[in-house]
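Single-structure report; data block below.
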Amino acid sequence: MTGKNSSGPVRLAADGSGAGMTEEMGQTMFERRRMDETVEVVSALSVVVAVEQARPVERESVALQASSAEAWDRVRRRLRAELGEDVFSSWFARVELGNIVDGVAYLTVPTRFLKSWLEAHYAERLRVNCMAELPGLNGIILSVRPVSRELMQQPAEIVPLRGRQPAPAPAAEPKPVQPGAAPAEAGERDLVDACGTSLDRRMNFQAFIVGKSNQLAFAAAERIAAAPAGSSPYNPLYIHAGVGLGKTHLLQAIAQEARSQGKRVAYFTADRFMYGFVAALKSQTALAFKEKLRGIDLLVVDDVQFIQGKSIQQEFGHTINALIDAGKQIVVAGDRMANDLEALDERIRSRLGGGLVVEVGDLDEALRAKILGNRLETLQAAHPNFQVHPDVIAYVARVVATNGRDLDGAANRLLAHATLSGQPVSLETAEAAIRDLVRTREPRRVKIEDIQKLVATRYNVSRADILSERRTAAVVKPRQIAMYLAKALTPRSLPEIGRRFGGRDHTTVLHAVRKIEKAIAEDRSLHDEVDLLKRMLQE
């Protein structure tokens, strides 16, 4: 700093930047710096205080999310206990809790098909269970998750027969199953096929219970799974069965066994195939979708009866033709014979019917007892104190005569009664637990082909005669009786019945039905004859 001068203001010379600055200016600058430093300190303190104040809110939000997640897990456990593992895995495994706003739980699912099904069949059950576990809840809303999110995290596949708990999105390559290894945890159960579809490790050939009604389908499935790539012993293999008889288990087992041998496998349910094709069209990657399907060794499609839409069916038909022509194996399952899949394109039905067609029949009592015993052993492994007497198993297997899913439900209810009451399972307990599962057996499903064959045999003509244009009395009468029985014993429409009788018009069928109805009312012997045919077809 320089000395004072009486003739002028004092100058500052502390450094180069301050040269020529007056004392008043220096004082002002000094005070401003002190103010800035004070402001900075105050600002820093404010930030610290704000962060400290925000942390409880953050912790409260995280705690709330954790609480909702735990409550949602309890909802899932309730649904699994009430409905059984199969139903839960088929329809609820991919339901997620998105958010809770103003007392409304927003649940998300991957496809519109699943959303529509849940709304139509399980909306009230979902609502009741959510309200029981989520405090302050007034209702639920189902919505479809965005496509981009579905592509980022692959959902668990819908598996009707033997379900599984949903797993997180697979990270990289799934770990191989070691022979003799302990059962995988819920997050390690899934295998992934060539198209990203999850497979359930538990649904393998070793876990499938074989009986008279399914042994042919099981043998064919094993043969196809063991065949080398490029070899097609039965192509296509079409398995048809009613609900809960094991066709999905067989398809999953084929896919897993073939995959373990290094084959490129694509496993689809009908709704996943439709979703994948529509998503590919929307994202303009349809060509890549088609090329990926045509590059596999084995295509497995379940519940083919649900494939809808002209363009989707056309693509499905083209894929089948291309794979068969290339010597690749195709396995398809449906709930009825290929010729009865009226919603499918005729060319697809013809292709499916041209291979090996195998029916999985109803479960006989011995097979039901084996299946139930297997389910109970699985439950006993997790609940050592849960014991069921063989007499109770025999009783349940005798009265629950519908399908494997109802047997699963019976096993779960026996477990619930035993664990909640703390009492051993007796015949009386079992009877009360499974009361709603004991149903009057439905009459046998009658097919038009069976009607034609029986009537032809009864009246000593051939089935070809009934379908022909012949108009002789020996052919016209049995043809009209067959049309009448088809209308009385099947849900088919008049136009469909006409098509099954050589492509006749629906008015011809209506005329035959009215004529036989009138003849039955007037002729007692004809009435008894037709009634006998009805009983023979329904037994």
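Residues in the structure tokens are numbered from 1 in each chain, the chains being A, B, ... in the order shown, and ligands are numbered from 1 in the order shown.
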Worksheet item: Skipping near chain neighbours, those fewer than 6 positions away, what residues fall within 8 Å of region 211-219 of chain A using only C-alpha atoms, listed as a list in words?
Response: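 Counting only C-alpha atoms, the residues come to Ile239, Leu250, Val358, Glu359, Val360, Gly361, Asp362, Leu363, Asp364 and Leu367 of chain A.
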Go ahead and write the residues just picked, N, CA and C atoms, as a PDB file, in the first residue's frame.
```pdb
ATOM      1  N   ILE A 239     -51.758 -82.605 -30.080  1.00  0.00           N
ATOM      2  CA  ILE A 239     -52.305 -83.194 -28.850  1.00  0.00           C
ATOM      3  C   ILE A 239     -53.554 -82.417 -28.466  1.00  0.00           C
ATOM      4  N   LEU A 250     -46.968 -81.633 -20.971  1.00  0.00           N
ATOM      5  CA  LEU A 250     -46.242 -82.370 -22.012  1.00  0.00           C
ATOM      6  C   LEU A 250     -45.511 -81.427 -22.954  1.00  0.00           C
ATOM      7  N   VAL A 358     -53.151 -87.085 -31.284  1.00  0.00           N
ATOM      8  CA  VAL A 358     -53.261 -87.899 -30.074  1.00  0.00           C
ATOM      9  C   VAL A 358     -54.192 -87.190 -29.093  1.00  0.00           C
ATOM     10  N   GLU A 359     -55.102 -87.954 -28.527  1.00  0.00           N
ATOM     11  CA  GLU A 359     -56.005 -87.407 -27.519  1.00  0.00           C
ATOM     12  C   GLU A 359     -55.552 -87.837 -26.125  1.00  0.00           C
ATOM     13  N   VAL A 360     -55.542 -86.875 -25.199  1.00  0.00           N
ATOM     14  CA  VAL A 360     -55.332 -87.195 -23.787  1.00  0.00           C
ATOM     15  C   VAL A 360     -56.717 -87.305 -23.164  1.00  0.00           C
ATOM     16  N   GLY A 361     -57.074 -88.507 -22.773  1.00  0.00           N
ATOM     17  CA  GLY A 361     -58.428 -88.747 -22.278  1.00  0.00           C
ATOM     18  C   GLY A 361     -58.623 -88.326 -20.834  1.00  0.00           C
ATOM     19  N   ASP A 362     -59.830 -88.548 -20.345  1.00  0.00           N
ATOM     20  CA  ASP A 362     -60.149 -88.229 -18.960  1.00  0.00           C
ATOM     21  C   ASP A 362     -59.315 -89.083 -18.008  1.00  0.00           C
ATOM     22  N   LEU A 363     -59.034 -88.544 -16.846  1.00  0.00           N
ATOM     23  CA  LEU A 363     -58.240 -89.254 -15.846  1.00  0.00           C
ATOM     24  C   LEU A 363     -59.092 -90.322 -15.185  1.00  0.00           C
ATOM     25  N   ASP A 364     -58.606 -91.571 -15.198  1.00  0.00           N
ATOM     26  CA  ASP A 364     -59.339 -92.604 -14.466  1.00  0.00           C
ATOM     27  C   ASP A 364     -59.017 -92.493 -12.974  1.00  0.00           C
ATOM     28  N   LEU A 367     -55.351 -93.107 -11.865  1.00  0.00           N
ATOM     29  CA  LEU A 367     -54.438 -92.026 -12.225  1.00  0.00           C
ATOM     30  C   LEU A 367     -54.690 -90.798 -11.359  1.00  0.00           C
TER      31      LEU A 367
END
```
Discussion item. Can you pull out the residues contacting Asp406 (chain A)? Cut-off 12 Å, using only C-alpha atoms, and skip same-chain residues under 2 positions away; I want them as a VMD selection string.
Written reply: chain A and resid 82 to 87 160 to 161 243 to 245 363 368 371 to 372 375 396 to 397 399 to 404 408 to 413 434 to 439
Can you write just those residues out, N, CA, C and O atoms, as a CSV table (one decimal), in the first residue's frame?
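Written out: result-v7.csv:
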```
chain,number,residue,atom,x,y,z
A,82,GLU,N,-56.2,-69.8,-2.2
A,82,GLU,CA,-57.7,-69.9,-2.6
A,82,GLU,C,-57.9,-70.7,-3.9
A,82,GLU,O,-58.8,-71.5,-4.0
A,83,LEU,N,-57.1,-70.4,-4.9
A,83,LEU,CA,-57.3,-70.9,-6.2
A,83,LEU,C,-56.5,-72.0,-6.6
A,83,LEU,O,-56.8,-72.7,-7.6
A,84,GLY,N,-55.4,-72.3,-5.9
A,84,GLY,CA,-54.5,-73.4,-6.3
A,84,GLY,C,-53.4,-72.8,-7.1
A,84,GLY,O,-53.5,-71.8,-7.8
A,85,GLU,N,-52.3,-73.6,-7.2
A,85,GLU,CA,-51.1,-73.2,-7.9
A,85,GLU,C,-51.3,-73.0,-9.4
A,85,GLU,O,-50.8,-72.1,-10.0
A,86,ASP,N,-52.1,-73.9,-10.0
A,86,ASP,CA,-52.3,-73.9,-11.4
A,86,ASP,C,-53.0,-72.7,-11.9
A,86,ASP,O,-52.6,-72.0,-12.8
A,87,VAL,N,-54.2,-72.4,-11.2
A,87,VAL,CA,-55.0,-71.2,-11.6
A,87,VAL,C,-54.2,-70.0,-11.4
A,87,VAL,O,-54.2,-69.0,-12.2
A,160,PRO,N,-50.8,-73.4,-17.4
A,160,PRO,CA,-52.1,-73.8,-16.8
A,160,PRO,C,-51.9,-75.0,-15.8
A,160,PRO,O,-52.6,-75.1,-14.8
A,161,LEU,N,-51.1,-76.0,-16.2
A,161,LEU,CA,-51.1,-77.3,-15.4
A,161,LEU,C,-50.4,-77.2,-14.1
A,161,LEU,O,-50.9,-77.4,-13.0
A,243,VAL,N,-59.6,-79.4,-20.3
A,243,VAL,CA,-58.9,-78.6,-19.4
A,243,VAL,C,-58.3,-79.4,-18.3
A,243,VAL,O,-58.9,-80.3,-17.7
A,244,GLY,N,-57.0,-79.1,-17.9
A,244,GLY,CA,-56.4,-79.7,-16.8
A,244,GLY,C,-56.0,-81.2,-16.9
A,244,GLY,O,-55.9,-81.8,-15.9
A,245,LEU,N,-55.8,-81.7,-18.1
A,245,LEU,CA,-55.5,-83.1,-18.3
A,245,LEU,C,-54.0,-83.3,-18.6
A,245,LEU,O,-53.6,-84.4,-18.8
A,363,LEU,N,-59.0,-88.5,-16.8
A,363,LEU,CA,-58.2,-89.3,-15.8
A,363,LEU,C,-59.1,-90.3,-15.2
A,363,LEU,O,-60.2,-90.0,-14.7
A,368,ARG,N,-56.0,-90.5,-11.0
A,368,ARG,CA,-56.3,-89.4,-10.2
A,368,ARG,C,-55.6,-89.6,-8.8
A,368,ARG,O,-55.1,-88.7,-8.2
A,371,ILE,N,-51.9,-88.9,-9.1
A,371,ILE,CA,-51.7,-87.4,-9.2
A,371,ILE,C,-51.9,-86.7,-7.8
A,371,ILE,O,-51.1,-85.9,-7.4
A,372,LEU,N,-53.0,-87.1,-7.2
A,372,LEU,CA,-53.2,-86.4,-5.9
A,372,LEU,C,-52.2,-86.8,-4.8
A,372,LEU,O,-51.7,-85.9,-4.1
A,375,ARG,N,-49.2,-84.6,-5.5
A,375,ARG,CA,-49.4,-83.3,-5.0
A,375,ARG,C,-49.2,-83.2,-3.5
A,375,ARG,O,-48.6,-82.2,-3.0
A,396,VAL,N,-61.0,-88.7,-2.0
A,396,VAL,CA,-60.9,-87.5,-2.9
A,396,VAL,C,-60.7,-87.9,-4.3
A,396,VAL,O,-61.3,-87.3,-5.2
A,397,ALA,N,-59.9,-88.9,-4.6
A,397,ALA,CA,-59.6,-89.3,-6.0
A,397,ALA,C,-60.9,-89.8,-6.6
A,397,ALA,O,-61.1,-89.7,-7.8
A,399,VAL,N,-64.2,-88.9,-5.8
A,399,VAL,CA,-65.3,-88.0,-6.0
A,399,VAL,C,-64.9,-86.8,-6.8
A,399,VAL,O,-65.7,-86.1,-7.4
A,400,VAL,N,-63.6,-86.4,-6.8
A,400,VAL,CA,-63.1,-85.3,-7.7
A,400,VAL,C,-62.7,-85.9,-9.0
A,400,VAL,O,-61.6,-86.3,-9.2
A,401,ALA,N,-63.7,-86.0,-9.9
A,401,ALA,CA,-63.4,-86.8,-11.1
A,401,ALA,C,-63.3,-85.9,-12.4
A,401,ALA,O,-63.6,-86.4,-13.5
A,402,THR,N,-62.9,-84.6,-12.2
A,402,THR,CA,-62.9,-83.7,-13.4
A,402,THR,C,-61.6,-83.7,-14.0
A,402,THR,O,-61.4,-84.2,-15.1
A,403,ASN,N,-60.6,-83.0,-13.3
A,403,ASN,CA,-59.3,-82.8,-14.0
A,403,ASN,C,-58.2,-82.6,-12.9
A,403,ASN,O,-58.5,-82.5,-11.7
A,404,GLY,N,-57.0,-82.5,-13.4
A,404,GLY,CA,-55.8,-82.3,-12.5
A,404,GLY,C,-55.9,-81.0,-11.7
A,404,GLY,O,-55.4,-80.9,-10.6
A,408,ASP,N,-55.5,-80.4,-7.7
A,408,ASP,CA,-54.6,-79.4,-7.1
A,408,ASP,C,-55.4,-78.6,-6.0
A,408,ASP,O,-54.9,-78.4,-4.9
A,409,GLY,N,-56.6,-78.1,-6.4
A,409,GLY,CA,-57.4,-77.4,-5.5
A,409,GLY,C,-57.8,-78.2,-4.3
A,409,GLY,O,-57.8,-77.6,-3.2
A,410,ALA,N,-58.1,-79.5,-4.5
A,410,ALA,CA,-58.4,-80.3,-3.3
A,410,ALA,C,-57.2,-80.4,-2.4
A,410,ALA,O,-57.4,-80.4,-1.1
A,411,ALA,N,-56.1,-80.7,-2.9
A,411,ALA,CA,-54.9,-80.8,-2.1
A,411,ALA,C,-54.6,-79.5,-1.3
A,411,ALA,O,-54.3,-79.5,-0.1
A,412,ASN,N,-54.8,-78.4,-1.9
A,412,ASN,CA,-54.5,-77.1,-1.2
A,412,ASN,C,-55.6,-76.9,-0.1
A,412,ASN,O,-55.2,-76.3,0.9
A,413,ARG,N,-56.8,-77.3,-0.4
A,413,ARG,CA,-57.8,-77.1,0.7
A,413,ARG,C,-57.6,-78.0,1.9
A,413,ARG,O,-57.9,-77.6,3.0
A,434,ILE,N,-63.8,-80.1,0.3
A,434,ILE,CA,-63.8,-80.2,-1.2
A,434,ILE,C,-65.3,-80.3,-1.7
A,434,ILE,O,-65.5,-80.7,-2.8
A,435,ARG,N,-66.2,-79.8,-0.8
A,435,ARG,CA,-67.6,-80.0,-1.2
A,435,ARG,C,-67.9,-79.4,-2.6
A,435,ARG,O,-68.7,-79.9,-3.4
A,436,ASP,N,-67.4,-78.2,-2.8
A,436,ASP,CA,-67.7,-77.5,-4.0
A,436,ASP,C,-67.0,-78.0,-5.3
A,436,ASP,O,-67.3,-77.7,-6.4
A,437,LEU,N,-66.0,-78.9,-5.0
A,437,LEU,CA,-65.3,-79.6,-6.1
A,437,LEU,C,-66.0,-80.9,-6.6
A,437,LEU,O,-65.6,-81.4,-7.6
A,438,VAL,N,-66.9,-81.3,-5.8
A,438,VAL,CA,-67.6,-82.6,-6.1
A,438,VAL,C,-68.8,-82.2,-7.0
A,438,VAL,O,-69.8,-81.7,-6.5
A,439,ARG,N,-68.7,-82.5,-8.2
A,439,ARG,CA,-69.7,-82.1,-9.2
A,439,ARG,C,-70.3,-83.3,-9.9
A,439,ARG,O,-69.7,-84.3,-10.0
```
Practice prompt. Do a neighbour search on Arg294 (chain A) at 8 Å with only C-alpha atoms, toss out local chain neighbours closer than 6 positions, and write the hits as a VMD selection string.
Written response: chain A and resid 319 322 to 323
Discussion item. As an exercise, work out the distance from CA of Val128 (chain A) to CA of Ile140 (chain A) in Å and give it to one decimal place.
Written reply: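 Atom-to-atom, CA of Val128 (chain A) and CA of Ile140 (chain A) are spaced 9.6 Å apart.
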Fill in: Using only C-alpha atoms: which of A:Ser426, A:Ala369, A:Gly355, A:Arg80 has the shortest distance to His389 (chain A)
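Once distances to His389 (chain A) are computed over only C-alpha atoms, the minimum belongs to A:Ser426.
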